[in-house]
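*Asks:* What follows is the file data.cif, containing mmCIF, C-alpha atoms:
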```
data_entry
loop_
_atom_site.label_atom_id
_atom_site.label_comp_id
_atom_site.auth_asym_id
_atom_site.auth_seq_id
_atom_site.Cartn_x
_atom_site.Cartn_y
_atom_site.Cartn_z
CA MET A 1 35.02 154.55 92.61
CA MET A 2 31.99 154.45 94.86
CA SER A 3 32.46 150.76 95.56
CA LEU A 4 36.10 151.35 96.54
CA PHE A 5 34.92 153.96 99.02
CA LEU A 6 32.41 151.47 100.43
CA LEU A 7 35.13 148.83 100.66
CA TYR A 8 37.32 151.23 102.64
CA LEU A 9 34.37 152.12 104.84
CA SER A 10 33.65 148.47 105.61
CA TYR A 11 37.37 147.94 106.37
CA PHE A 12 37.21 150.82 108.80
CA VAL A 13 34.08 149.56 110.57
CA ALA A 14 35.35 145.96 110.79
CA PHE A 15 38.80 146.85 112.09
CA PHE A 16 37.52 149.50 114.48
CA LYS A 17 35.27 146.80 115.95
CA ILE A 18 38.24 144.43 116.20
CA GLY A 19 40.25 147.11 118.04
CA LEU A 20 37.38 148.00 120.35
CA PHE A 21 36.53 144.44 121.40
CA GLY A 22 40.09 143.16 121.22
CA PHE A 23 40.57 142.26 124.87
CA GLY A 24 43.15 139.75 126.00
CA GLY A 25 45.98 140.36 123.54
CA GLY A 26 46.97 139.09 120.11
CA TYR A 27 45.70 135.52 120.10
CA ALA A 28 42.33 136.46 121.55
CA MET A 29 41.99 139.09 118.81
CA LEU A 30 42.57 136.42 116.18
CA SER A 31 39.10 134.93 116.61
CA LEU A 32 37.62 138.42 116.17
CA ILE A 33 39.72 139.11 113.09
CA GLN A 34 38.89 135.74 111.62
CA HIS A 35 35.19 136.23 112.23
CA GLU A 36 35.13 139.62 110.49
CA VAL A 37 37.59 139.01 107.70
CA VAL A 38 37.08 135.36 106.74
CA GLU A 39 33.51 134.61 107.76
CA ALA A 40 31.48 137.82 107.74
CA HIS A 41 33.11 139.70 104.82
CA GLN A 42 35.03 136.88 103.10
CA TRP A 43 37.83 139.25 102.13
CA ILE A 44 40.38 136.42 102.28
CA SER A 45 40.32 132.61 102.46
CA VAL A 46 40.99 130.67 105.65
CA ALA A 47 44.30 129.37 104.19
CA ASP A 48 45.41 132.95 103.43
CA PHE A 49 44.43 133.92 106.96
CA THR A 50 46.61 131.18 108.45
CA ASP A 51 49.52 132.31 106.25
CA ILE A 52 49.11 135.87 107.52
CA VAL A 53 49.19 134.66 111.12
CA ALA A 54 52.39 132.72 110.32
CA ILE A 55 53.98 135.81 108.79
CA SER A 56 52.83 137.91 111.78
CA GLN A 57 54.52 135.56 114.19
CA THR A 58 57.86 135.87 112.45
CA THR A 59 57.81 139.67 112.12
CA PRO A 60 57.89 142.32 114.86
CA GLY A 61 54.79 144.11 116.09
CA PRO A 62 51.40 143.05 117.40
CA ILE A 63 49.49 140.43 115.42
CA ALA A 64 46.46 142.71 115.19
CA PHE A 65 48.41 145.41 113.32
CA ASN A 66 50.17 142.89 111.12
CA THR A 67 46.97 141.22 110.00
CA ALA A 68 45.23 144.59 109.49
CA THR A 69 48.05 145.87 107.29
CA TYR A 70 48.30 142.63 105.34
CA ILE A 71 44.57 142.17 104.78
CA GLY A 72 44.10 145.81 103.72
CA TYR A 73 46.60 145.34 100.92
CA THR A 74 45.85 141.77 99.88
CA ALA A 75 42.05 141.95 99.91
CA THR A 76 42.03 145.24 97.97
CA THR A 77 44.40 144.06 95.25
CA GLN A 78 42.67 140.68 95.00
CA LEU A 79 39.48 142.56 94.13
CA GLY A 80 41.31 144.04 91.14
CA TYR A 81 42.32 147.43 92.54
CA SER A 82 45.81 148.89 92.04
CA ALA A 83 48.77 148.48 94.41
CA ALA A 84 48.46 152.13 95.49
CA GLN A 85 44.80 151.59 96.38
CA GLY A 86 45.92 148.50 98.28
CA VAL A 87 48.44 150.53 100.29
CA LEU A 88 45.72 153.05 101.16
CA GLY A 89 43.46 150.15 102.16
CA SER A 90 46.10 148.76 104.49
CA ALA A 91 46.66 152.21 106.04
CA ILE A 92 42.91 152.49 106.69
CA CYS A 93 42.76 149.04 108.31
CA THR A 94 45.80 149.78 110.49
CA ILE A 95 44.49 153.16 111.65
CA ALA A 96 41.03 151.72 112.32
CA VAL A 97 42.36 148.88 114.49
CA SER A 98 44.55 151.33 116.47
CA LEU A 99 41.98 154.07 117.04
CA PRO A 100 40.02 152.44 119.90
CA SER A 101 43.27 151.92 121.85
CA ILE A 102 44.31 155.52 121.27
CA ILE A 103 40.94 156.91 122.36
CA LEU A 104 40.51 154.62 125.39
CA MET A 105 44.05 154.94 126.71
CA THR A 106 43.88 158.73 126.32
CA ILE A 107 40.78 158.75 128.52
CA VAL A 108 42.46 156.38 130.98
CA SER A 109 45.57 158.56 131.24
CA TYR A 110 43.45 161.56 132.26
CA PHE A 111 41.50 159.66 134.89
CA PHE A 112 44.34 157.37 135.89
CA SER A 113 43.78 157.61 139.63
CA ARG A 114 40.14 156.59 139.22
CA PHE A 115 40.95 153.56 137.08
CA ARG A 116 43.60 152.36 139.50
CA ASN A 117 42.10 149.44 141.42
CA ASN A 118 38.59 150.51 140.50
CA ARG A 119 36.05 147.90 141.70
CA TRP A 120 33.76 148.29 138.69
CA VAL A 121 36.64 147.82 136.29
CA GLU A 122 37.64 144.73 138.28
CA ALA A 123 34.04 143.45 138.18
CA ALA A 124 33.87 143.90 134.39
CA LEU A 125 37.07 141.87 134.04
CA ASP A 126 35.85 139.06 136.34
CA PHE A 127 34.02 137.20 133.57
CA LEU A 128 36.06 138.67 130.74
CA ARG A 129 39.33 137.01 131.77
CA PRO A 130 37.96 133.45 131.52
CA ALA A 131 35.98 134.35 128.37
CA VAL A 132 39.16 135.53 126.64
CA ILE A 133 40.64 132.05 127.06
CA GLY A 134 37.59 130.74 125.21
CA LEU A 135 38.28 133.22 122.42
CA ILE A 136 41.80 131.86 121.98
CA ALA A 137 40.64 128.25 122.06
CA ALA A 138 38.02 129.09 119.42
CA ALA A 139 40.67 130.77 117.24
CA ALA A 140 42.71 127.56 117.29
CA LEU A 141 39.72 125.27 116.70
CA LEU A 142 38.45 127.34 113.77
CA LEU A 143 41.82 126.89 112.08
CA ILE A 144 41.70 123.08 112.37
CA ASN A 145 40.17 122.39 108.96
CA GLY A 146 40.90 120.78 105.62
CA HIS A 147 42.84 123.77 104.33
CA ASN A 148 45.43 123.73 107.10
CA PHE A 149 45.42 119.99 107.86
CA ILE A 150 45.79 118.14 104.58
CA ASP A 151 47.00 114.73 105.81
CA TYR A 152 48.44 112.82 108.78
CA LYS A 153 51.77 114.68 108.37
CA SER A 154 50.00 117.92 109.25
CA TRP A 155 48.91 116.34 112.53
CA ILE A 156 52.44 115.18 113.30
CA ILE A 157 53.73 118.75 112.77
CA PHE A 158 50.88 120.04 114.94
CA GLY A 159 51.69 117.62 117.77
CA VAL A 160 55.44 118.24 117.72
CA VAL A 161 55.04 122.03 117.67
CA LEU A 162 52.40 121.92 120.42
CA VAL A 163 54.69 119.99 122.75
CA ALA A 164 57.74 122.11 121.85
CA SER A 165 55.80 125.32 122.38
CA LEU A 166 54.59 124.17 125.81
CA ARG A 167 58.26 123.55 126.59
CA LYS A 168 58.97 127.18 125.70
CA VAL A 169 60.83 126.64 122.43
CA ASP A 170 61.02 129.91 120.48
CA PRO A 171 57.94 130.23 118.18
CA ILE A 172 59.93 131.80 115.34
CA LEU A 173 62.31 128.84 115.33
CA LEU A 174 59.34 126.45 115.30
CA ILE A 175 57.77 128.18 112.30
CA VAL A 176 61.05 128.12 110.38
CA LEU A 177 61.55 124.42 111.15
CA ALA A 178 57.94 123.60 110.18
CA GLY A 179 58.49 125.45 106.88
CA VAL A 180 61.68 123.52 106.16
CA ALA A 181 59.91 120.26 107.03
CA GLY A 182 57.00 121.16 104.73
CA TYR A 183 59.39 121.87 101.85
CA PHE A 184 60.94 118.42 102.10
CA ILE A 185 57.98 116.20 103.01
CA TYR A 186 55.43 117.54 100.51
CA PRO A 187 55.72 116.82 96.79
CA MET B 1 66.03 166.57 120.34
CA THR B 2 62.46 167.49 121.20
CA ILE B 3 60.42 165.28 123.44
CA TYR B 4 58.17 164.37 120.50
CA ILE B 5 61.07 162.98 118.50
CA GLN B 6 62.30 161.14 121.59
CA LEU B 7 58.87 159.55 122.05
CA LEU B 8 58.77 158.60 118.39
CA LEU B 9 62.26 157.08 118.40
CA SER B 10 61.85 155.20 121.68
CA PHE B 11 58.65 153.56 120.56
CA LEU B 12 59.99 152.96 117.06
CA LYS B 13 62.70 150.92 118.71
CA ILE B 14 60.17 149.00 120.80
CA GLY B 15 57.94 148.48 117.74
CA ALA B 16 60.79 147.23 115.57
CA PHE B 17 62.29 144.74 118.01
CA THR B 18 59.33 143.14 119.72
CA PHE B 19 58.81 139.74 118.22
CA GLY B 20 56.14 137.47 119.59
CA GLY B 21 54.07 140.31 120.96
CA GLY B 22 52.37 140.82 124.28
CA TYR B 23 54.18 139.54 127.30
CA ALA B 24 57.53 139.13 125.57
CA MET B 25 57.82 142.88 125.02
CA ILE B 26 57.03 144.08 128.55
CA PRO B 27 60.65 143.90 129.84
CA LEU B 28 61.81 145.87 126.80
CA ILE B 29 59.17 148.56 127.29
CA ARG B 30 59.98 148.79 131.01
CA LYS B 31 63.68 149.21 130.35
CA GLU B 32 63.10 152.04 127.89
CA VAL B 33 60.28 153.88 129.68
CA VAL B 34 61.31 153.42 133.33
CA ASP B 35 65.08 152.80 133.41
CA ARG B 36 66.41 154.78 130.46
CA LYS B 37 64.01 157.67 129.90
CA LYS B 38 62.45 157.80 133.38
CA TRP B 39 59.12 158.80 131.88
CA LEU B 40 57.22 156.72 134.46
CA ALA B 41 58.14 155.67 137.99
CA GLU B 42 58.30 151.94 138.70
CA GLY B 43 55.03 151.85 140.65
CA GLU B 44 53.23 153.94 138.08
CA PHE B 45 54.48 151.61 135.34
CA ILE B 46 53.10 148.54 137.12
CA ASP B 47 49.69 150.16 137.60
CA MET B 48 49.67 151.42 134.02
CA LEU B 49 50.54 147.93 132.81
CA ALA B 50 47.59 146.42 134.65
CA ILE B 51 45.29 148.84 132.83
CA ALA B 52 47.04 148.47 129.47
CA GLN B 53 46.54 144.70 129.74
CA SER B 54 42.88 145.01 130.70
CA ALA B 55 42.02 147.54 127.99
CA PRO B 56 41.32 146.33 124.46
CA GLY B 57 44.10 146.49 121.89
CA PRO B 58 47.80 145.62 121.88
CA ILE B 59 49.68 146.25 125.14
CA SER B 60 52.50 148.02 123.29
CA LEU B 61 50.18 150.57 121.69
CA ASN B 62 48.24 151.07 124.92
CA THR B 63 51.48 151.75 126.78
CA ALA B 64 52.74 154.14 124.09
CA VAL B 65 49.51 156.13 124.10
CA PHE B 66 49.51 156.32 127.89
CA VAL B 67 53.12 157.47 128.15
CA GLY B 68 52.72 159.98 125.32
CA ASN B 69 49.64 161.44 126.96
CA ARG B 70 51.29 161.68 130.36
CA LEU B 71 54.22 163.61 128.92
CA LYS B 72 52.72 165.79 126.22
CA GLY B 73 48.97 165.21 125.91
CA ILE B 74 47.29 164.05 122.73
CA LYS B 75 50.11 165.18 120.46
CA GLY B 76 52.60 163.19 122.53
CA SER B 77 50.39 160.12 122.35
CA LEU B 78 50.18 160.37 118.56
CA PHE B 79 53.96 160.47 118.19
CA ALA B 80 54.43 157.54 120.57
CA GLY B 81 51.63 155.57 118.89
CA LEU B 82 53.09 156.23 115.44
CA GLY B 83 56.41 154.87 116.66
CA ILE B 84 54.77 151.59 117.66
CA ILE B 85 52.68 151.23 114.51
CA LEU B 86 55.16 152.30 111.82
CA PRO B 87 57.74 149.45 111.89
CA SER B 88 55.20 146.65 111.58
CA PHE B 89 53.23 148.62 108.96
CA VAL B 90 56.27 149.07 106.70
CA ILE B 91 57.55 145.51 107.15
CA ILE B 92 54.19 143.84 106.54
CA LEU B 93 53.42 146.05 103.56
CA LEU B 94 56.72 145.06 101.94
CA ILE B 95 55.98 141.39 102.63
CA ALA B 96 52.45 141.73 101.23
CA LEU B 97 53.85 143.35 98.05
CA VAL B 98 56.35 140.52 97.56
CA PHE B 99 54.29 137.61 98.88
CA THR B 100 51.37 138.13 96.48
CA GLU B 101 53.87 137.55 93.65
CA PHE B 102 55.35 134.37 95.12
CA LYS B 103 52.30 132.85 96.76
CA ASP B 104 51.49 130.45 93.94
CA ASN B 105 55.08 129.28 93.58
CA PRO B 106 55.03 125.51 94.32
CA GLY B 107 58.07 125.71 96.63
CA VAL B 108 56.48 128.46 98.72
CA GLU B 109 53.24 126.47 98.88
CA ARG B 110 55.15 123.44 100.22
CA VAL B 111 56.77 125.57 102.91
CA PHE B 112 53.38 126.90 103.97
CA ARG B 113 51.85 123.42 104.05
CA GLY B 114 54.32 122.69 106.82
CA ILE B 115 53.81 126.03 108.55
CA ARG B 116 50.00 126.08 108.72
CA PRO B 117 49.50 123.26 111.28
CA ALA B 118 52.44 124.69 113.27
CA VAL B 119 50.64 128.04 113.52
CA VAL B 120 47.51 126.35 114.84
CA ALA B 121 49.63 124.59 117.49
CA LEU B 122 51.22 127.90 118.52
CA ILE B 123 47.78 129.42 119.05
CA ALA B 124 46.50 126.38 120.97
CA ALA B 125 49.54 126.05 123.25
CA PRO B 126 49.00 129.10 125.52
CA VAL B 127 45.37 128.17 126.29
CA TRP B 128 46.35 125.74 129.04
CA ASN B 129 48.93 128.03 130.68
CA MET B 130 46.59 131.01 130.50
CA ALA B 131 43.80 129.03 132.11
CA LYS B 132 46.15 128.15 134.97
CA SER B 133 47.46 131.68 135.46
CA ALA B 134 43.97 133.20 135.23
CA GLY B 135 42.95 130.92 138.13
CA ILE B 136 40.21 129.06 136.26
CA THR B 137 38.39 126.93 138.82
CA TRP B 138 35.62 124.36 138.33
CA ARG B 139 33.16 127.06 139.32
CA VAL B 140 33.97 129.28 136.33
CA VAL B 141 35.25 126.74 133.80
CA TRP B 142 31.91 126.91 131.98
CA ILE B 143 32.69 130.48 130.87
CA PRO B 144 35.60 129.65 128.52
CA VAL B 145 33.87 126.42 127.45
CA VAL B 146 30.63 128.16 126.50
CA SER B 147 32.57 131.00 124.80
CA THR B 148 34.57 128.52 122.75
CA LEU B 149 31.55 126.51 121.65
CA ALA B 150 29.49 129.61 120.82
CA ILE B 151 32.21 130.97 118.54
CA TRP B 152 33.54 127.71 117.12
CA LEU B 153 30.35 125.70 116.53
CA GLY B 154 27.70 128.41 116.92
CA GLY B 155 29.42 130.86 114.58
CA LEU B 156 28.73 133.66 117.05
CA SER B 157 30.78 136.82 116.69
CA PRO B 158 33.34 137.09 119.53
CA VAL B 159 32.12 140.69 119.91
CA TYR B 160 28.97 139.36 121.61
CA VAL B 161 30.97 137.07 123.88
CA VAL B 162 33.13 139.98 125.04
CA ALA B 163 30.13 142.27 125.52
CA ALA B 164 28.16 139.58 127.40
CA ALA B 165 31.12 138.87 129.70
CA ILE B 166 31.49 142.55 130.60
CA VAL B 167 27.76 143.00 131.25
CA ALA B 168 27.58 139.80 133.32
CA GLY B 169 30.54 140.87 135.45
CA LEU B 170 29.04 144.28 136.13
CA LEU B 171 25.59 142.84 136.91
CA CYS B 172 27.01 140.31 139.38
CA TYR B 173 28.89 143.05 141.15
CA ALA B 174 25.82 145.33 141.23
CA VAL B 175 23.73 142.55 142.77
CA LYS B 176 26.37 141.80 145.40
CA TRP B 177 26.74 145.48 146.20
CA LYS B 178 22.96 145.89 146.60
CA LYS B 179 22.75 142.88 148.94
CA TYR B 180 25.66 144.26 150.92
CA ARG B 181 23.90 147.63 151.35
CA GLU B 182 20.59 146.03 152.37
CA HIS B 183 22.15 143.55 154.76
CA PRO B 184 25.46 144.98 155.92
CA PRO B 185 27.56 142.50 157.87
CA HIS B 186 28.00 143.34 161.55
#
```
Please rewrite the model in this file as structure tokens.
*Replies:*
Amino acid sequence: MMSLFLLYLSYFVAFFKIGLFGFGGGYAMLSLIQHEVVEAHQWISVADFTDIVAISQTTPGPIAFNTATYIGYTATTQLGYSAAQGVLGSAICTIAVSLPSIILMTIVSYFFSRFRNNRWVEAALDFLRPAVIGLIAAAALLLINGHNFIDYKSWIIFGVVLVASLRKVDPILLIVLAGVAGYFIYP
Amino acid sequence: MTIYIQLLLSFLKIGAFTFGGGYAMIPLIRKEVVDRKKWLAEGEFIDMLAIAQSAPGPISLNTAVFVGNRLKGIKGSLFAGLGIILPSFVIILLIALVFTEFKDNPGVERVFRGIRPAVVALIAAPVWNMAKSAGITWRVVWIPVVSTLAIWLGGLSPVYVVAAAIVAGLLCYAVKWKKYREHPPH
């Protein structure tokens, strides 16, 4: 029982951190989530992580919530705990990743006039905006590995989707098509 | 219908129908919050959006918390926030319950072999456009490059990259401000 409590506590700390440092939207948060969940705590494998991102992109809601909810359930049950304990785990992860937003935006709403066009806020964002692009690039590069790219066909799918996405083809459609392609080209 | 239930329902709707996240959902939020419910004026919405985008966390949740607070304080923000969180929580939980059963099915595995490289491409694609729209010049291009390498090859936690970028930005501004005070331009 104690170890389950500790697991929940480490979920809370990890996802609170992800929420607090999650600047720059969903994709930038991915590198944070991956660092905590795959590398630091090893709650899920990198292939599982990619699958979660795929599921997140085809369901409504921010990627950060989706991954938090999914990991809370999957990691808990994979460790041998019950489904109910998994549901509680996913609630804890989801609340933890949301809390920093709730706290910070509450503060902002009370001091709204001071945050409007504040020079110090602008200064803090000066370096952060370009850094966030690095976070997204790192998230993509970390996922280019032997689990996700098994042969040359993987690279063909990657190239086609990259070009189509740059041409503003709907991402959900691209994921569905890639899934259909995978079903037929792999034995 | 009390204002709390209205907040909950409005943001439930936004939470349930916003695929793709982030920028795709802004028009939907604007329509609900500004046009339909008139909870924020147009100008206020634009300013709020700038802050919601700069603050950590998803834009949709940041907006919900802000609007809820403006209307009814903390309690309002909790109802609005719950509305945003609940749809994705329920949907993903159902998928997690089902998917763990089917994950090792060979057909499902084949589908995901096709999907995995596609996901990586979808994450990589916006990097170029974001770099353009963020106005990355040759002077600052080292910032994303160093961040990428530190996380990707150095295994550094992105937390440190974010913290370092904030501190560096503030320090630069403080130095400029000090110089400006010591040598004010005529």
*Asks:* Report as a ChimeraX atom specification the residues that result from applying the PyMOL selection byres ((chain A and resi 103-113) around 8) to the structure here.
*Replies:* /A:99-102,114-116 /B:52,55,62,65-66,69-70,74,77
*Asks:* What's the 8 Å shell around Val163 (chain A), counting all atoms listed in the file, without same-chain residues fewer than 4 positions away, as a PyMOL selection string?
*Replies:* (chain A and resi 159+167) or (chain B and resi 125)
*Asks:* Rank nothing, just name the residue among B:Val119, B:Ile59, B:Ile166, B:Ile5 nearest to Ile26 (chain B), using all atoms listed in the file.
*Replies:*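 For Ile26 (chain B), the nearest of the candidates is B:Ile59.
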*Asks:* Pick from B:Trp142, B:Trp152, B:Phe45, B:Tyr180: nearest to chain A, with all atoms listed in the file counted?
*Replies:*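 So, comparing all the options, the nearest one is B:Trp152.
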*Asks:* Please compute the CA of Leu40 (chain B)-CA of Phe11 (chain B) distance, one decimal, in Å.
*Replies:*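 Value for the CA of Leu40 (chain B)-CA of Phe11 (chain B) distance: 14.3 Å.
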*Asks:* Given the block above, output region 61-72 of chain B with all heavy atoms as an mmCIF file, in the first residue's frame.
*Replies:*
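Printed below is result-v5.cif as written:
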```
data_model
loop_
_atom_site.group_PDB
_atom_site.id
_atom_site.type_symbol
_atom_site.label_atom_id
_atom_site.label_comp_id
_atom_site.auth_asym_id
_atom_site.auth_seq_id
_atom_site.Cartn_x
_atom_site.Cartn_y
_atom_site.Cartn_z
ATOM 1 N N LEU B 61 -7.203 25.410 -21.211
ATOM 2 C CA LEU B 61 -7.380 25.428 -19.756
ATOM 3 C C LEU B 61 -7.074 26.823 -19.206
ATOM 4 O O LEU B 61 -7.813 27.343 -18.359
ATOM 5 C CB LEU B 61 -6.466 24.391 -19.090
ATOM 6 C CG LEU B 61 -6.532 24.343 -17.564
ATOM 7 C CD1 LEU B 61 -7.925 23.946 -17.082
ATOM 8 C CD2 LEU B 61 -5.501 23.369 -16.991
ATOM 9 N N ASN B 62 -6.007 27.439 -19.695
ATOM 10 C CA ASN B 62 -5.663 28.787 -19.239
ATOM 11 C C ASN B 62 -6.809 29.763 -19.489
ATOM 12 O O ASN B 62 -7.135 30.587 -18.633
ATOM 13 C CB ASN B 62 -4.395 29.278 -19.938
ATOM 14 C CG ASN B 62 -3.160 28.523 -19.491
ATOM 15 O OD1 ASN B 62 -3.191 27.830 -18.479
ATOM 16 N ND2 ASN B 62 -2.085 28.643 -20.223
ATOM 17 N N THR B 63 -7.412 29.656 -20.667
ATOM 18 C CA THR B 63 -8.539 30.534 -20.996
ATOM 19 C C THR B 63 -9.722 30.263 -20.070
ATOM 20 O O THR B 63 -10.336 31.188 -19.537
ATOM 21 C CB THR B 63 -8.986 30.300 -22.456
ATOM 22 O OG1 THR B 63 -7.857 30.466 -23.294
ATOM 23 C CG2 THR B 63 -10.062 31.279 -22.864
ATOM 24 N N ALA B 64 -10.031 28.994 -19.867
ATOM 25 C CA ALA B 64 -11.164 28.622 -19.013
ATOM 26 C C ALA B 64 -10.980 29.161 -17.603
ATOM 27 O O ALA B 64 -11.901 29.753 -17.026
ATOM 28 C CB ALA B 64 -11.311 27.100 -18.981
ATOM 29 N N VAL B 65 -9.781 28.992 -17.061
ATOM 30 C CA VAL B 65 -9.515 29.443 -15.691
ATOM 31 C C VAL B 65 -9.633 30.961 -15.611
ATOM 32 O O VAL B 65 -10.223 31.511 -14.670
ATOM 33 C CB VAL B 65 -8.110 28.978 -15.238
ATOM 34 C CG1 VAL B 65 -7.720 29.627 -13.925
ATOM 35 C CG2 VAL B 65 -8.074 27.471 -15.109
ATOM 36 N N PHE B 66 -9.120 31.650 -16.633
ATOM 37 C CA PHE B 66 -9.198 33.113 -16.641
ATOM 38 C C PHE B 66 -10.649 33.581 -16.687
ATOM 39 O O PHE B 66 -11.072 34.423 -15.879
ATOM 40 C CB PHE B 66 -8.423 33.664 -17.842
ATOM 41 C CG PHE B 66 -8.389 35.169 -17.885
ATOM 42 C CD1 PHE B 66 -7.375 35.864 -17.259
ATOM 43 C CD2 PHE B 66 -9.382 35.884 -18.541
ATOM 44 C CE1 PHE B 66 -7.348 37.245 -17.281
ATOM 45 C CE2 PHE B 66 -9.365 37.263 -18.563
ATOM 46 C CZ PHE B 66 -8.345 37.950 -17.932
ATOM 47 N N VAL B 67 -11.415 33.040 -17.604
ATOM 48 C CA VAL B 67 -12.816 33.460 -17.759
ATOM 49 C C VAL B 67 -13.614 33.143 -16.487
ATOM 50 O O VAL B 67 -14.359 33.988 -15.985
ATOM 51 C CB VAL B 67 -13.467 32.787 -18.991
ATOM 52 C CG1 VAL B 67 -14.953 33.084 -19.053
ATOM 53 C CG2 VAL B 67 -12.783 33.258 -20.266
ATOM 54 N N GLY B 68 -13.425 31.945 -15.965
ATOM 55 C CA GLY B 68 -14.128 31.553 -14.742
ATOM 56 C C GLY B 68 -13.829 32.489 -13.593
ATOM 57 O O GLY B 68 -14.720 32.921 -12.860
ATOM 58 N N ASN B 69 -12.550 32.839 -13.453
ATOM 59 C CA ASN B 69 -12.140 33.760 -12.394
ATOM 60 C C ASN B 69 -12.742 35.138 -12.561
ATOM 61 O O ASN B 69 -13.173 35.759 -11.589
ATOM 62 C CB ASN B 69 -10.616 33.877 -12.384
ATOM 63 C CG ASN B 69 -10.006 33.069 -11.261
ATOM 64 O OD1 ASN B 69 -10.382 33.229 -10.107
ATOM 65 N ND2 ASN B 69 -9.115 32.170 -11.599
ATOM 66 N N ARG B 70 -12.725 35.626 -13.791
ATOM 67 C CA ARG B 70 -13.278 36.955 -14.077
ATOM 68 C C ARG B 70 -14.748 37.026 -13.692
ATOM 69 O O ARG B 70 -15.226 38.032 -13.184
ATOM 70 C CB ARG B 70 -13.123 37.242 -15.564
ATOM 71 C CG ARG B 70 -11.727 37.641 -15.918
ATOM 72 C CD ARG B 70 -11.698 39.089 -16.131
ATOM 73 N NE ARG B 70 -10.645 39.713 -15.417
ATOM 74 C CZ ARG B 70 -10.294 40.980 -15.649
ATOM 75 N NH1 ARG B 70 -10.884 41.667 -16.578
ATOM 76 N NH2 ARG B 70 -9.344 41.520 -14.937
ATOM 77 N N LEU B 71 -15.486 35.946 -13.969
ATOM 78 C CA LEU B 71 -16.926 35.973 -13.729
ATOM 79 C C LEU B 71 -17.269 35.673 -12.279
ATOM 80 O O LEU B 71 -18.079 36.369 -11.667
ATOM 81 C CB LEU B 71 -17.629 34.961 -14.634
ATOM 82 C CG LEU B 71 -17.617 35.264 -16.115
ATOM 83 C CD1 LEU B 71 -18.330 34.174 -16.880
ATOM 84 C CD2 LEU B 71 -18.260 36.599 -16.421
ATOM 85 N N LYS B 72 -16.681 34.641 -11.721
ATOM 86 C CA LYS B 72 -17.125 34.163 -10.409
ATOM 87 C C LYS B 72 -15.993 33.720 -9.501
ATOM 88 O O LYS B 72 -16.176 32.824 -8.669
ATOM 89 C CB LYS B 72 -18.103 32.978 -10.601
ATOM 90 C CG LYS B 72 -19.499 33.392 -11.044
ATOM 91 C CD LYS B 72 -20.289 33.999 -9.898
ATOM 92 C CE LYS B 72 -21.478 34.775 -10.398
ATOM 93 N NZ LYS B 72 -22.083 35.608 -9.346
#
```
